[in-house]
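Student: The following file, model37.cif, comprises mmCIF, C-alpha atoms:
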data_target
loop_
_atom_site.label_atom_id
_atom_site.label_comp_id
_atom_site.auth_asym_id
_atom_site.auth_seq_id
_atom_site.Cartn_x
_atom_site.Cartn_y
_atom_site.Cartn_z
CA MET H 1 79.09 114.48 85.99
CA LYS H 2 78.14 116.87 88.78
CA ASP H 3 81.12 118.53 90.43
CA LEU H 4 81.47 118.40 94.21
CA LEU H 5 84.97 119.85 94.68
CA GLU H 6 86.48 123.09 93.42
CA ILE H 7 90.03 121.76 93.55
CA SER H 8 91.21 118.16 93.32
CA CYS H 9 94.42 116.29 92.58
CA GLY H 10 94.92 112.94 90.84
CA LEU H 11 98.17 110.98 91.03
CA ASP H 12 99.22 108.33 88.51
CA ILE H 13 101.98 106.45 90.33
CA HIS H 14 104.68 104.28 88.79
CA LYS H 15 107.90 102.74 90.06
CA GLU H 16 110.12 105.63 88.97
CA LYS H 17 107.77 108.55 88.32
CA ILE H 18 104.58 110.26 89.51
CA VAL H 19 102.27 112.21 87.21
CA ALA H 20 100.15 114.71 89.17
CA CYS H 21 97.18 116.68 87.84
CA ILE H 22 95.41 119.44 89.78
CA LEU H 23 92.01 120.57 88.51
CA THR H 24 90.70 123.95 89.68
CA GLY H 25 87.57 125.90 88.87
CA PRO H 26 84.09 126.82 90.14
CA LEU H 27 81.51 124.04 90.44
CA GLY H 28 79.75 123.35 87.16
CA LYS H 29 82.20 125.48 85.16
CA PRO H 30 85.11 124.46 82.88
CA THR H 31 88.23 123.57 84.85
CA HIS H 32 91.86 124.57 84.55
CA SER H 33 94.33 121.69 84.75
CA GLU H 34 97.98 121.86 85.75
CA ILE H 35 100.06 118.73 85.24
CA ARG H 36 103.53 118.06 86.59
CA GLU H 37 105.85 115.06 86.68
CA PHE H 38 107.97 114.02 89.66
CA THR H 39 110.37 111.17 90.32
CA THR H 40 109.83 108.76 93.21
CA LEU H 41 112.97 109.96 95.01
CA ILE H 42 112.32 111.48 98.42
CA PRO H 43 113.34 115.08 97.50
CA ASP H 44 110.93 115.02 94.55
CA MET H 45 108.10 113.56 96.66
CA LEU H 46 108.64 116.39 99.16
CA ALA H 47 108.49 118.83 96.23
CA LEU H 48 105.16 117.25 95.24
CA ARG H 49 103.82 117.82 98.74
CA ASP H 50 105.01 121.46 98.72
CA TRP H 51 103.31 122.03 95.35
CA ILE H 52 100.04 120.56 96.60
CA ILE H 53 100.20 122.75 99.73
CA SER H 54 100.94 125.85 97.64
CA GLU H 55 97.84 125.11 95.51
CA ASN H 56 95.78 124.62 98.71
CA CYS H 57 94.52 121.23 97.49
CA HIS H 58 93.04 119.19 100.36
CA HIS H 59 91.63 116.28 98.29
CA ILE H 60 93.95 113.82 96.57
CA ALA H 61 93.33 110.44 94.94
CA MET H 62 95.83 107.83 93.75
CA GLU H 63 95.82 104.29 92.38
CA SER H 64 96.74 101.45 94.71
CA THR H 65 99.71 100.53 92.50
CA GLY H 66 101.55 97.67 94.22
CA ILE H 67 103.53 99.13 97.12
CA TYR H 68 104.61 102.28 95.26
CA TRP H 69 101.80 104.39 96.74
CA ILE H 70 102.89 103.79 100.37
CA PRO H 71 105.81 106.30 100.67
CA ILE H 72 103.80 108.96 98.83
CA TYR H 73 100.82 108.39 101.14
CA GLU H 74 102.99 108.67 104.26
CA ILE H 75 104.58 111.92 103.05
CA LEU H 76 101.25 113.51 102.12
CA GLU H 77 99.20 112.44 105.16
CA ASP H 78 100.97 115.02 107.36
CA ALA H 79 100.27 117.92 104.95
CA PHE H 80 98.05 120.75 106.24
CA SER H 81 98.66 119.35 109.77
CA GLY H 82 96.63 116.29 108.89
CA ASP H 83 93.68 118.27 107.43
CA ILE H 84 93.82 116.42 104.12
CA THR H 85 91.72 113.74 102.44
CA LEU H 86 93.76 111.00 100.78
CA LEU H 87 92.01 108.33 98.73
CA VAL H 88 93.81 105.15 97.70
CA VAL H 89 91.53 103.66 95.05
CA ASN H 90 91.35 100.25 93.41
CA ALA H 91 92.49 100.61 89.78
CA ARG H 92 89.49 98.53 88.60
CA HIS H 93 87.13 101.24 89.83
CA MET H 94 88.52 103.99 87.60
CA LYS H 95 89.61 102.51 84.29
CA ASN H 96 90.01 104.97 81.45
CA VAL H 97 88.67 104.51 77.92
CA PRO H 98 90.77 101.89 76.03
CA GLY H 99 92.93 103.34 73.28
CA LYS H 100 93.18 106.76 74.94
CA LYS H 101 95.35 105.78 77.88
CA THR H 102 98.47 107.78 78.76
CA ASP H 103 100.01 108.70 82.10
CA ILE H 104 98.90 112.32 81.75
CA ARG H 105 95.33 111.37 80.82
CA ASP H 106 95.22 108.84 83.66
CA SER H 107 96.11 111.45 86.28
CA GLU H 108 93.58 113.89 84.77
CA TRP H 109 90.90 111.18 84.73
CA ILE H 110 91.56 110.33 88.40
CA SER H 111 91.30 114.01 89.34
CA THR H 112 88.07 114.35 87.33
CA LEU H 113 86.46 111.38 89.08
CA LEU H 114 87.57 112.71 92.46
CA ARG H 115 86.14 116.14 91.67
CA ALA H 116 82.79 114.50 90.89
CA GLY H 117 82.85 112.36 94.06
CA LEU H 118 82.79 109.07 92.12
CA LEU H 119 85.70 107.33 93.85
CA ASN H 120 85.48 104.91 96.77
CA ALA H 121 88.53 104.90 99.00
CA SER H 122 90.20 101.67 100.05
CA PHE H 123 90.54 101.06 103.79
CA ILE H 124 93.86 102.45 105.02
CA PRO H 125 94.22 102.25 108.83
CA GLU H 126 95.99 104.86 110.91
CA LYS H 127 99.79 104.88 111.02
CA ARG H 128 100.23 103.02 114.34
CA ILE H 129 97.98 100.21 113.07
CA ARG H 130 99.99 100.03 109.82
CA GLU H 131 103.23 99.72 111.80
CA PHE H 132 101.67 97.03 114.00
CA ARG H 133 100.51 95.26 110.83
CA ASP H 134 104.06 95.17 109.41
CA LEU H 135 105.35 93.19 112.39
CA ASN H 136 102.39 90.79 112.40
CA ARG H 137 102.64 90.04 108.69
CA TYR H 138 106.40 89.61 108.96
CA ARG H 139 105.97 87.21 111.87
CA LYS H 140 103.56 85.13 109.81
CA SER H 141 105.95 85.09 106.86
CA ILE H 142 108.74 83.84 109.12
CA ILE H 143 106.62 80.96 110.41
CA ARG H 144 104.59 79.90 107.39
CA GLU H 145 105.70 81.34 104.07
CA MET H 146 108.12 79.46 101.85
CA CYS H 147 110.89 81.75 100.69
CA ILE H 148 113.27 81.08 97.83
CA ARG H 149 116.94 81.25 98.73
CA ASP H 150 118.00 83.85 96.18
CA ARG H 151 115.06 86.11 97.02
CA SER H 152 115.27 86.21 100.80
CA ILE H 153 117.49 85.02 103.63
CA ILE H 154 114.37 84.43 105.70
CA ARG H 155 113.58 80.74 105.89
CA ASP H 156 110.42 79.01 106.85
CA ILE H 157 110.82 77.47 110.31
CA THR H 158 108.53 74.57 109.51
CA SER H 159 110.46 73.83 106.32
CA GLN H 160 113.73 73.91 108.25
CA LYS H 161 112.31 71.38 110.73
CA ASN H 162 111.37 69.20 107.79
CA ARG H 163 114.91 69.46 106.41
CA VAL H 164 116.38 68.27 109.71
CA GLU H 165 113.87 65.41 109.94
CA LYS H 166 114.52 64.45 106.31
CA PHE H 167 118.28 64.41 106.92
CA LEU H 168 117.87 62.15 109.96
CA GLN H 169 115.64 59.83 107.94
CA SER H 170 118.20 59.65 105.13
CA SER H 171 120.88 58.83 107.71
CA GLY H 172 118.84 55.89 109.02
CA PHE H 173 117.48 57.53 112.18
CA ARG H 174 113.69 57.00 112.50
CA LEU H 175 113.24 59.27 115.51
CA SER H 176 109.98 60.82 114.27
CA SER H 177 108.34 57.38 114.19
CA PHE H 178 108.26 57.28 118.00
CA ILE H 179 108.46 60.95 119.07
CA SER H 180 105.71 63.16 117.66
CA ASP H 181 107.71 66.40 117.98
CA ILE H 182 111.43 65.80 117.49
CA PHE H 183 112.06 69.47 118.40
CA GLY H 184 110.48 69.09 121.82
CA ALA H 185 112.49 68.63 125.03
CA SER H 186 113.28 64.94 124.47
CA GLY H 187 113.84 65.03 120.70
CA ARG H 188 116.03 68.13 120.75
CA ASN H 189 118.33 66.69 123.43
CA ILE H 190 118.75 63.49 121.39
CA ILE H 191 119.56 65.47 118.22
CA LEU H 192 122.13 67.61 120.07
CA HIS H 193 123.76 64.46 121.46
CA LEU H 194 123.95 62.91 117.98
CA MET H 195 125.35 66.16 116.63
CA GLU H 196 128.25 66.00 119.15
CA HIS H 197 128.93 62.26 119.43
CA GLY H 198 127.41 60.68 116.31
CA GLN H 199 125.67 57.94 118.30
CA ILE H 200 123.79 57.42 121.56
CA ASP H 201 123.62 54.64 124.18
CA LYS H 202 120.73 53.56 126.38
CA MET H 203 121.97 55.39 129.49
CA SER H 204 122.27 58.72 127.70
CA LEU H 205 118.93 58.17 125.97
CA ASP H 206 117.21 57.49 129.30
CA SER H 207 118.51 60.78 130.72
CA TYR H 208 117.08 62.73 127.77
CA LEU H 209 113.61 61.18 127.57
CA LYS H 210 110.78 62.90 129.42
CA THR H 211 107.39 61.72 130.75
CA LYS H 212 105.64 58.93 128.79
CA THR H 213 108.38 58.54 126.18
CA ARG H 214 110.44 56.63 128.78
CA LYS H 215 108.04 53.68 128.40
CA ARG H 216 109.18 53.24 124.77
CA ILE H 217 112.91 53.58 125.40
CA ASP H 218 113.77 50.23 123.75
CA GLU H 219 111.86 51.13 120.56
CA ILE H 220 113.39 54.61 120.45
CA LEU H 221 116.88 53.13 120.97
CA MET H 222 116.31 50.87 117.95
CA SER H 223 115.23 53.89 115.86
CA VAL H 224 118.50 55.74 116.61
CA ASN H 225 120.77 52.72 116.61
CA GLY H 226 123.30 54.04 114.14
CA THR H 227 126.36 56.24 113.75
CA LEU H 228 126.79 59.61 112.06
CA SER H 229 129.97 60.27 110.10
CA GLU H 230 132.00 63.46 110.59
CA HIS H 231 130.39 64.95 107.50
CA GLN H 232 126.88 64.08 108.72
CA LYS H 233 127.58 65.56 112.16
CA SER H 234 128.86 68.81 110.70
CA PHE H 235 125.93 69.03 108.26
CA LEU H 236 123.41 68.39 111.07
CA LYS H 237 125.11 71.11 113.09
CA ILE H 238 124.70 73.56 110.19
CA LEU H 239 120.98 72.74 109.94
CA MET H 240 120.41 73.13 113.69
CA CYS H 241 122.37 76.39 113.89
CA HIS H 242 120.23 77.82 111.10
CA TYR H 243 117.06 76.64 112.85
CA ASP H 244 118.19 78.21 116.15
CA SER H 245 118.98 81.52 114.46
CA MET H 246 115.47 81.64 112.99
CA LYS H 247 113.95 80.89 116.39
CA GLU H 248 115.97 83.73 117.92
CA HIS H 249 114.81 86.03 115.13
CA LEU H 250 111.21 85.04 115.78
CA ILE H 251 111.61 85.70 119.52
CA GLU H 252 112.97 89.16 118.69
CA ILE H 253 109.94 89.90 116.52
CA GLU H 254 107.53 88.70 119.21
CA THR H 255 109.30 90.90 121.78
CA HIS H 256 108.64 93.93 119.59
CA LEU H 257 105.05 92.78 119.14
CA GLN H 258 104.59 92.58 122.91
CA GLU H 259 105.66 96.23 123.15
CA ASP H 260 103.55 97.41 120.21
CA MET H 261 100.38 95.63 121.38
CA LEU H 262 100.16 97.62 124.64
CA PRO H 263 97.99 100.43 123.15
CA PHE H 264 95.52 97.76 121.96
CA ALA H 265 95.47 95.71 125.18
CA LEU H 266 91.75 96.35 125.79
CA GLN H 267 90.67 95.29 122.28
CA ILE H 268 92.95 92.22 122.37
CA GLU H 269 91.46 91.21 125.72
CA GLN H 270 87.97 91.55 124.21
CA LEU H 271 88.81 89.29 121.27
CA ASN H 272 90.45 86.73 123.56
CA THR H 273 87.05 86.11 125.17
CA ILE H 274 86.05 84.25 121.98
CA TYR H 275 87.00 80.61 122.41
CA GLY H 276 89.50 79.57 119.75
CA ILE H 277 91.18 83.00 119.49
CA SER H 278 94.62 83.37 121.07
CA THR H 279 96.57 86.56 121.75
CA THR H 280 98.58 86.01 118.55
CA ALA H 281 95.37 85.72 116.51
CA SER H 282 93.90 88.79 118.23
CA CYS H 283 96.99 90.83 117.33
CA ALA H 284 96.79 89.68 113.70
CA ILE H 285 93.10 90.63 113.49
CA ILE H 286 93.64 94.07 115.07
CA ALA H 287 96.59 94.66 112.74
CA GLU H 288 94.34 94.14 109.69
CA ILE H 289 91.03 95.81 110.63
CA GLY H 290 92.17 98.25 113.33
CA THR H 291 90.15 99.19 116.41
CA ASP H 292 87.90 101.89 114.93
CA MET H 293 85.00 100.40 112.96
CA LYS H 294 83.77 103.74 111.56
CA PRO H 295 85.31 103.16 108.09
CA PHE H 296 83.02 100.13 107.75
CA LYS H 297 79.39 101.23 107.64
CA THR H 298 77.92 97.81 108.42
CA ALA H 299 79.04 94.26 109.20
CA GLU H 300 78.23 93.34 105.60
CA HIS H 301 80.65 96.04 104.44
CA ILE H 302 83.60 94.62 106.40
CA CYS H 303 82.75 91.08 105.26
CA SER H 304 82.85 92.23 101.64
CA TRP H 305 86.18 94.00 102.23
CA ALA H 306 87.64 90.84 103.80
CA GLY H 307 86.46 88.68 100.88
CA LEU H 308 84.09 86.54 102.95
CA CYS H 309 80.98 87.04 100.85
CA PRO H 310 80.18 85.91 97.29
CA GLY H 311 80.39 88.28 94.36
CA ASN H 312 77.59 89.02 91.90
CA ASN H 313 77.56 87.38 88.48
CA GLU H 314 74.21 87.91 86.78
CA SER H 315 73.44 88.26 83.09
CA ALA H 316 70.13 88.20 81.17
CA GLY H 317 68.27 87.55 84.41
CA LYS H 318 70.30 84.43 85.17
CA ARG H 319 72.49 84.17 88.26
CA LYS H 320 75.69 82.26 87.52
CA SER H 321 77.82 80.47 90.07
CA THR H 322 79.97 82.79 92.14
CA SER H 323 82.71 82.29 94.67
CA ILE H 324 83.98 84.51 97.45
CA THR H 325 85.91 87.58 96.35
CA LYS H 326 89.67 88.06 96.80
CA GLY H 327 89.42 90.58 99.62
CA ASN H 328 92.12 90.75 102.27
CA PRO H 329 93.97 87.39 102.26
CA TYR H 330 95.57 87.95 105.68
CA ILE H 331 92.38 88.43 107.69
CA LYS H 332 90.56 85.80 105.64
CA SER H 333 93.15 83.07 106.24
CA MET H 334 93.38 83.93 109.95
CA LEU H 335 89.60 83.73 110.43
CA CYS H 336 89.44 80.42 108.55
CA GLU H 337 92.16 78.98 110.82
CA ILE H 338 90.19 80.09 113.88
CA ALA H 339 87.03 78.60 112.36
CA TRP H 340 88.75 75.20 112.08
CA VAL H 341 89.70 75.39 115.76
CA ILE H 342 86.14 76.27 116.80
CA ALA H 343 84.68 73.51 114.61
CA GLY H 344 86.65 70.95 116.62
CA LYS H 345 85.16 72.06 119.95
CA ARG H 346 82.13 70.44 121.56
CA ASN H 347 78.98 71.77 123.20
CA THR H 348 79.29 75.31 121.81
CA TYR H 349 76.83 77.28 119.73
CA LEU H 350 79.34 78.16 116.98
CA SER H 351 80.59 74.59 116.52
CA ALA H 352 76.99 73.28 116.42
CA TRP H 353 76.17 75.96 113.85
CA TYR H 354 79.17 74.84 111.74
CA TRP H 355 78.05 71.19 111.74
CA ARG H 356 74.53 72.17 110.64
CA ILE H 357 75.92 74.13 107.69
CA LYS H 358 78.39 71.35 106.85
CA GLN H 359 75.55 68.84 106.40
CA LYS H 360 73.97 71.08 103.75
CA LYS H 361 76.94 72.76 102.03
CA GLY H 362 80.06 70.74 102.84
CA ALA H 363 83.08 71.44 105.04
CA ARG H 364 84.81 74.13 102.97
CA LYS H 365 81.76 76.33 102.53
CA ALA H 366 80.84 75.81 106.18
CA ILE H 367 84.28 77.02 107.28
CA VAL H 368 83.99 80.17 105.15
CA ALA H 369 80.49 80.74 106.54
CA LEU H 370 81.78 80.36 110.11
CA ALA H 371 84.70 82.72 109.35
CA ARG H 372 82.18 85.30 108.13
CA LYS H 373 80.08 84.85 111.26
CA LEU H 374 83.20 85.35 113.40
CA LEU H 375 84.02 88.58 111.59
CA VAL H 376 80.49 89.89 112.20
CA ILE H 377 80.86 89.04 115.90
CA ILE H 378 84.29 90.74 116.07
CA TYR H 379 82.94 93.82 114.27
CA THR H 380 80.05 94.11 116.74
CA MET H 381 82.32 93.61 119.77
CA LEU H 382 84.81 96.29 118.66
CA LYS H 383 82.06 98.69 117.68
CA GLN H 384 80.11 98.33 120.94
CA GLY H 385 83.10 97.69 123.21
CA THR H 386 81.66 94.45 124.62
CA ASN H 387 83.04 90.99 125.37
CA PHE H 388 81.90 87.75 123.78
CA ASP H 389 78.94 86.17 125.56
CA GLU H 390 77.50 82.92 124.24
CA ASN H 391 74.38 83.28 126.41
CA CYS H 392 72.88 85.59 123.78
CA PHE H 393 73.10 82.71 121.29
CA GLU H 394 71.45 80.39 123.80
CA VAL H 395 68.49 82.74 124.10
CA ARG H 396 68.25 82.92 120.32
CA ARG H 397 68.44 79.14 120.04
CA LYS H 398 65.57 78.72 122.51
CA ASN H 399 63.49 81.31 120.64
CA CYS H 400 64.08 79.47 117.35
CA GLU H 401 63.10 76.16 118.95
CA GLN H 402 59.93 77.73 120.35
CA LYS H 403 58.99 79.18 116.96
CA GLN H 404 59.61 75.80 115.32
CA LEU H 405 57.46 74.06 117.96
CA SER H 406 54.65 76.57 117.48
CA ARG H 407 54.76 75.98 113.71
CA TYR H 408 54.46 72.21 114.20
CA ILE H 409 51.48 72.68 116.53
CA ARG H 410 49.69 74.92 114.01
CA GLU H 411 50.25 72.34 111.25
CA LEU H 412 48.80 69.57 113.43
CA GLU H 413 45.79 71.71 114.36
CA LYS H 414 45.12 72.37 110.66
CA HIS H 415 44.73 68.62 110.18
CA GLY H 416 42.27 68.31 113.05
CA TYR H 417 44.63 67.23 115.84
CA THR H 418 44.55 68.67 119.34
CA VAL H 419 47.87 69.19 121.07
CA GLU H 420 48.09 69.29 124.85
CA ALA H 421 51.24 69.88 126.91
CA GLN H 422 52.11 67.13 129.39
CA VAL H 423 53.73 67.93 132.70
#
Would you put the structure from the file into structure tokens?

Tutor:
Amino acid sequence: MKDLLEISCGLDIHKEKIVACILTGPLGKPTHSEIREFTTLIPDMLALRDWIISENCHHIAMESTGIYWIPIYEILEDAFSGDITLLVVNARHMKNVPGKKTDIRDSEWISTLLRAGLLNASFIPEKRIREFRDLNRYRKSIIREMCIRDRSIIRDITSQKNRVEKFLQSSGFRLSSFISDIFGASGRNIILHLMEHGQIDKMSLDSYLKTKTRKRIDEILMSVNGTLSEHQKSFLKILMCHYDSMKEHLIEIETHLQEDMLPFALQIEQLNTIYGISTTASCAIIAEIGTDMKPFKTAEHICSWAGLCPGNNESAGKRKSTSITKGNPYIKSMLCEIAWVIAGKRNTYLSAWYWRIKQKKGARKAIVALARKLLVIIYTMLKQGTNFDENCFEVRRKNCEQKQLSRYIRELEKHGYTVEAQV
């Protein structure tokens, strides 16, 4: 291997210890290695940084081991006043020889690969983007993820709604059969009344119902024609109090998000010009890919990083079936959700493109293809600083139609036909 660096450092990171190896020496000459072990306590991580600074090592590589690399990365990124190159590398890209694997050899192997310039860094956005990402991912976990009670006090809001609805069903109240959203203005007022009084009459029900639901007051009254016992009222109150506390927690998170999104207001406004993308979706996208597209050389590069392109699986000249790679699950799921929204729209280029692909490949592959197309569009918009304009697709569509028409005319002329345009 040809050496590119005179001094390099490799870190083998574990939950409770860090093994660091610094290789020094002239290019193309035998190197001198110095290996030290540190704990993952903050004083020891600061001692690691001081040692690296004393050795004047500006290039460091580490494995992306779970979340254990994050505090080390944040401590080291301010070394040398920011004049430092930190590489967080996928462990698959630098496996050591089986049977000769130890922590010391791993750190030395990482440093050797770094010295030879054979490591590709994972995308790590700047600190303000990482902080913005934490809030966005936490917000999504509050709304959608299912948490187990003994692992987290955070509950899924949708699951809590289902618990309330299930309890009402088990108590004989079929409110959801006539009101689509029982947590809307009408449904919530009815639930609060039942929680206090245990039953409801027609006069009270009429005062709670809004808009078109008033037309079905007799049917709704039949669905809630029952009485809650003291135990049922108290249990329903517990469920609703827990639901309200989660909603308040979510509002608090979104308030912080509103403050943190101000530096990215221009980019969020750009992404909002794409139909189907809301401000919440724009924030989630910015939190994952950032605003600077320089780390991604091409649109194909960012699609590969996001896991929206198939992998390669070829052996003996035969290409085997491949699926999309793992990539970044947060950006991938968000883009697929947006793709479903766009697919349901009418008279747009992107929705028409989706339906053409669906006829050939099926709905699931068409959604992934549309998600990839969206990411390419977002990459181009952020890189060039432009807004979304569907007119460019209209020009392309007309050009494609003209080329197709010209091809048909040539085929007819080959068979002896003469084609004339009619006014």

Student: Which residues match the PyMOL selection byres ((chain H and resi 298) around 12) in the file above, as a PDB file with C-alpha atoms, in the coordinates of the input?

Tutor:
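This went into result.pdb:
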ATOM      1  CA  MET H 293      85.000 100.400 112.960  1.00  0.00           C
ATOM      2  CA  LYS H 294      83.770 103.740 111.560  1.00  0.00           C
ATOM      3  CA  PRO H 295      85.310 103.160 108.090  1.00  0.00           C
ATOM      4  CA  PHE H 296      83.020 100.130 107.750  1.00  0.00           C
ATOM      5  CA  LYS H 297      79.390 101.230 107.640  1.00  0.00           C
ATOM      6  CA  ALA H 299      79.040  94.260 109.200  1.00  0.00           C
ATOM      7  CA  GLU H 300      78.230  93.340 105.600  1.00  0.00           C
ATOM      8  CA  HIS H 301      80.650  96.040 104.440  1.00  0.00           C
ATOM      9  CA  ILE H 302      83.600  94.620 106.400  1.00  0.00           C
ATOM     10  CA  CYS H 303      82.750  91.080 105.260  1.00  0.00           C
ATOM     11  CA  SER H 304      82.850  92.230 101.640  1.00  0.00           C
ATOM     12  CA  TRP H 305      86.180  94.000 102.230  1.00  0.00           C
ATOM     13  CA  LEU H 375      84.020  88.580 111.590  1.00  0.00           C
ATOM     14  CA  VAL H 376      80.490  89.890 112.200  1.00  0.00           C
ATOM     15  CA  ILE H 377      80.860  89.040 115.900  1.00  0.00           C
ATOM     16  CA  TYR H 379      82.940  93.820 114.270  1.00  0.00           C
ATOM     17  CA  THR H 380      80.050  94.110 116.740  1.00  0.00           C
ATOM     18  CA  LYS H 383      82.060  98.690 117.680  1.00  0.00           C
TER      19      LYS H 383
END

Student: Report, in Å with one decimal, the straight-line distance from atom CA of H:Ile357 to atom CA of H:Ala343.

Tutor: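 Answer for the atom CA of H:Ile357 to atom CA of H:Ala343 separation: 11.2 Å.
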
Student: Written as a list in words, which residues does the PyMOL selection byres ((chain H and resi 7) around 7) give for the file shown?

Tutor: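 Against this file, the PyMOL selection byres ((chain H and resi 7) around 7) returns the residues Leu5, Glu6, Ser8, Ile22, Leu23, Thr24, Gly25 and Cys57 of chain H.
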
Student: Mind giving me the straight-line distance from atom CA of H:Phe235 to atom CA of H:Ile191 in Å, one decimal?

Tutor: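 Atom-to-atom, atom CA of H:Phe235 to atom CA of H:Ile191, that is 12.3 Å.
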
Student: Which one of H:Gly290, H:Pro30, H:Gly385, H:Gly187 sits closest to H:Arg133 if you count all atoms listed in the file?

Tutor: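 Ranked by minimum distance to H:Arg133, first place goes to H:Gly290.
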
Student: Please write as a ChimeraX atom specification the list of polymer residues whose atoms come within 8 Å of (90.4, 94.3, 102.5), counting all atoms listed in the file and keeping to the coordinates of the file.

Tutor: /H:122-123,302,304-307,327-329

Student: Would you write out those residues with C-alpha atoms, as a compact mmCIF listing (two decimals), keeping the file's coordinate frame?

Tutor:
# COMPACT_ATOMS: atom_id res chain seq x y z
CA SER H 122 90.20 101.67 100.05
CA PHE H 123 90.54 101.06 103.79
CA ILE H 302 83.60 94.62 106.40
CA SER H 304 82.85 92.23 101.64
CA TRP H 305 86.18 94.00 102.23
CA ALA H 306 87.64 90.84 103.80
CA GLY H 307 86.46 88.68 100.88
CA GLY H 327 89.42 90.58 99.62
CA ASN H 328 92.12 90.75 102.27
CA PRO H 329 93.97 87.39 102.26

Student: Env of H:Arg49: 9 Å cut, atoms = only C-alpha atoms, seq-sep filter 2 positions within chain, self excluded. Answer as a count of residues only.

Tutor: 12

Student: Determine the residue set returned by the PyMOL selection byres ((chain H and resi 36) around 9) for the present structure, and present it as a list in words.

Tutor: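 On the file shown, the PyMOL selection byres ((chain H and resi 36) around 9) covers Ile18, Val19, Ala20, Cys21, Ile22, Glu34, Ile35, Glu37, Phe38, Leu48 and Ile104 of chain H.
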
Student: Closest to H:Tyr349 among H:Phe173, H:Phe132, H:Tyr275, H:Tyr243, using all atoms listed in the file?

Tutor: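 Closest to H:Tyr349, using all atoms listed in the file: H:Tyr275.
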
Student: Atom CA of H:Leu221 and atom CA of H:Leu239 are how many Å apart?

Tutor: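 Atom-to-atom, atom CA of H:Leu221 to atom CA of H:Leu239, that is 22.9 Å.
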
Student: Using only C-alpha atoms, tabulate the residues of stretch 213-248 of chain H lying at most 12 Å from any atom of stretch 175-182 of chain H, each with its closest atom pair and that distance in Å to one decimal, by chain and increasing residue number, as a Markdown table.

Tutor:
| residue | atom | partner | partner_atom | distance |
| --- | --- | --- | --- | --- |
| H:Thr213 | CA | H:Ile179 | CA | 7.5 |
| H:Arg214 | CA | H:Ile179 | CA | 10.8 |
| H:Lys215 | CA | H:Phe178 | CA | 11.0 |
| H:Arg216 | CA | H:Phe178 | CA | 7.9 |
| H:Ile217 | CA | H:Phe178 | CA | 9.5 |
| H:Asp218 | CA | H:Phe178 | CA | 10.6 |
| H:Glu219 | CA | H:Phe178 | CA | 7.6 |
| H:Ile220 | CA | H:Phe178 | CA | 6.3 |
| H:Leu221 | CA | H:Leu175 | CA | 9.0 |
| H:Met222 | CA | H:Leu175 | CA | 9.3 |
| H:Ser223 | CA | H:Leu175 | CA | 5.7 |
| H:Val224 | CA | H:Leu175 | CA | 6.4 |
| H:Asn225 | CA | H:Leu175 | CA | 10.0 |
| H:Gly226 | CA | H:Leu175 | CA | 11.4 |

Student: Per residue of stretch 310-378 of chain H within 12 Å of stretch 393-400 of chain H, note the shortest atom pair and the distance in Å to one decimal, counting all atoms listed in the file, and order the rows by chain and increasing residue number, as a Markdown table.

Tutor:
| residue | atom | partner | partner_atom | distance |
| --- | --- | --- | --- | --- |
| H:Asn347 | CA | H:Glu394 | CA | 11.5 |
| H:Thr348 | CA | H:Glu394 | CA | 9.6 |
| H:Tyr349 | CA | H:Phe393 | CA | 6.8 |
| H:Leu350 | CA | H:Phe393 | CA | 8.8 |
| H:Ala352 | CA | H:Arg397 | CA | 11.0 |
| H:Trp353 | CA | H:Arg397 | CA | 10.4 |
| H:Ile377 | CA | H:Phe393 | CA | 11.4 |

Student: Could you turn the residues from that selection into a file that holds C-alpha atoms, as a tab-separated table (two decimals), keeping the file's coordinate frame?

Tutor:
chain	number	residue	atom	x	y	z
H	347	ASN	CA	78.98	71.77	123.20
H	348	THR	CA	79.29	75.31	121.81
H	349	TYR	CA	76.83	77.28	119.73
H	350	LEU	CA	79.34	78.16	116.98
H	352	ALA	CA	76.99	73.28	116.42
H	353	TRP	CA	76.17	75.96	113.85
H	377	ILE	CA	80.86	89.04	115.90

Student: List as a list in words the protein and nucleic acid residues near H:Thr280, meaning an atom at most 10 Å away when all atoms listed in the file are counted, but skip any in the same chain fewer than 4 places from it.

Tutor: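 Those residues are Asn136, Glu254, Leu257, Gln258, Ile268, Asn272, Ala284 and Ile285 of chain H.
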
Student: List the spatial neighbours of H:Ser204 as an NGL selection string - criterion: any atom at most 12 Å away, only C-alpha atoms, same-chain residues fewer than 2 positions off excluded.

Tutor: :H and (186 or 189-194 or 197 or 199-202 or 206-209 or 217 or 221)
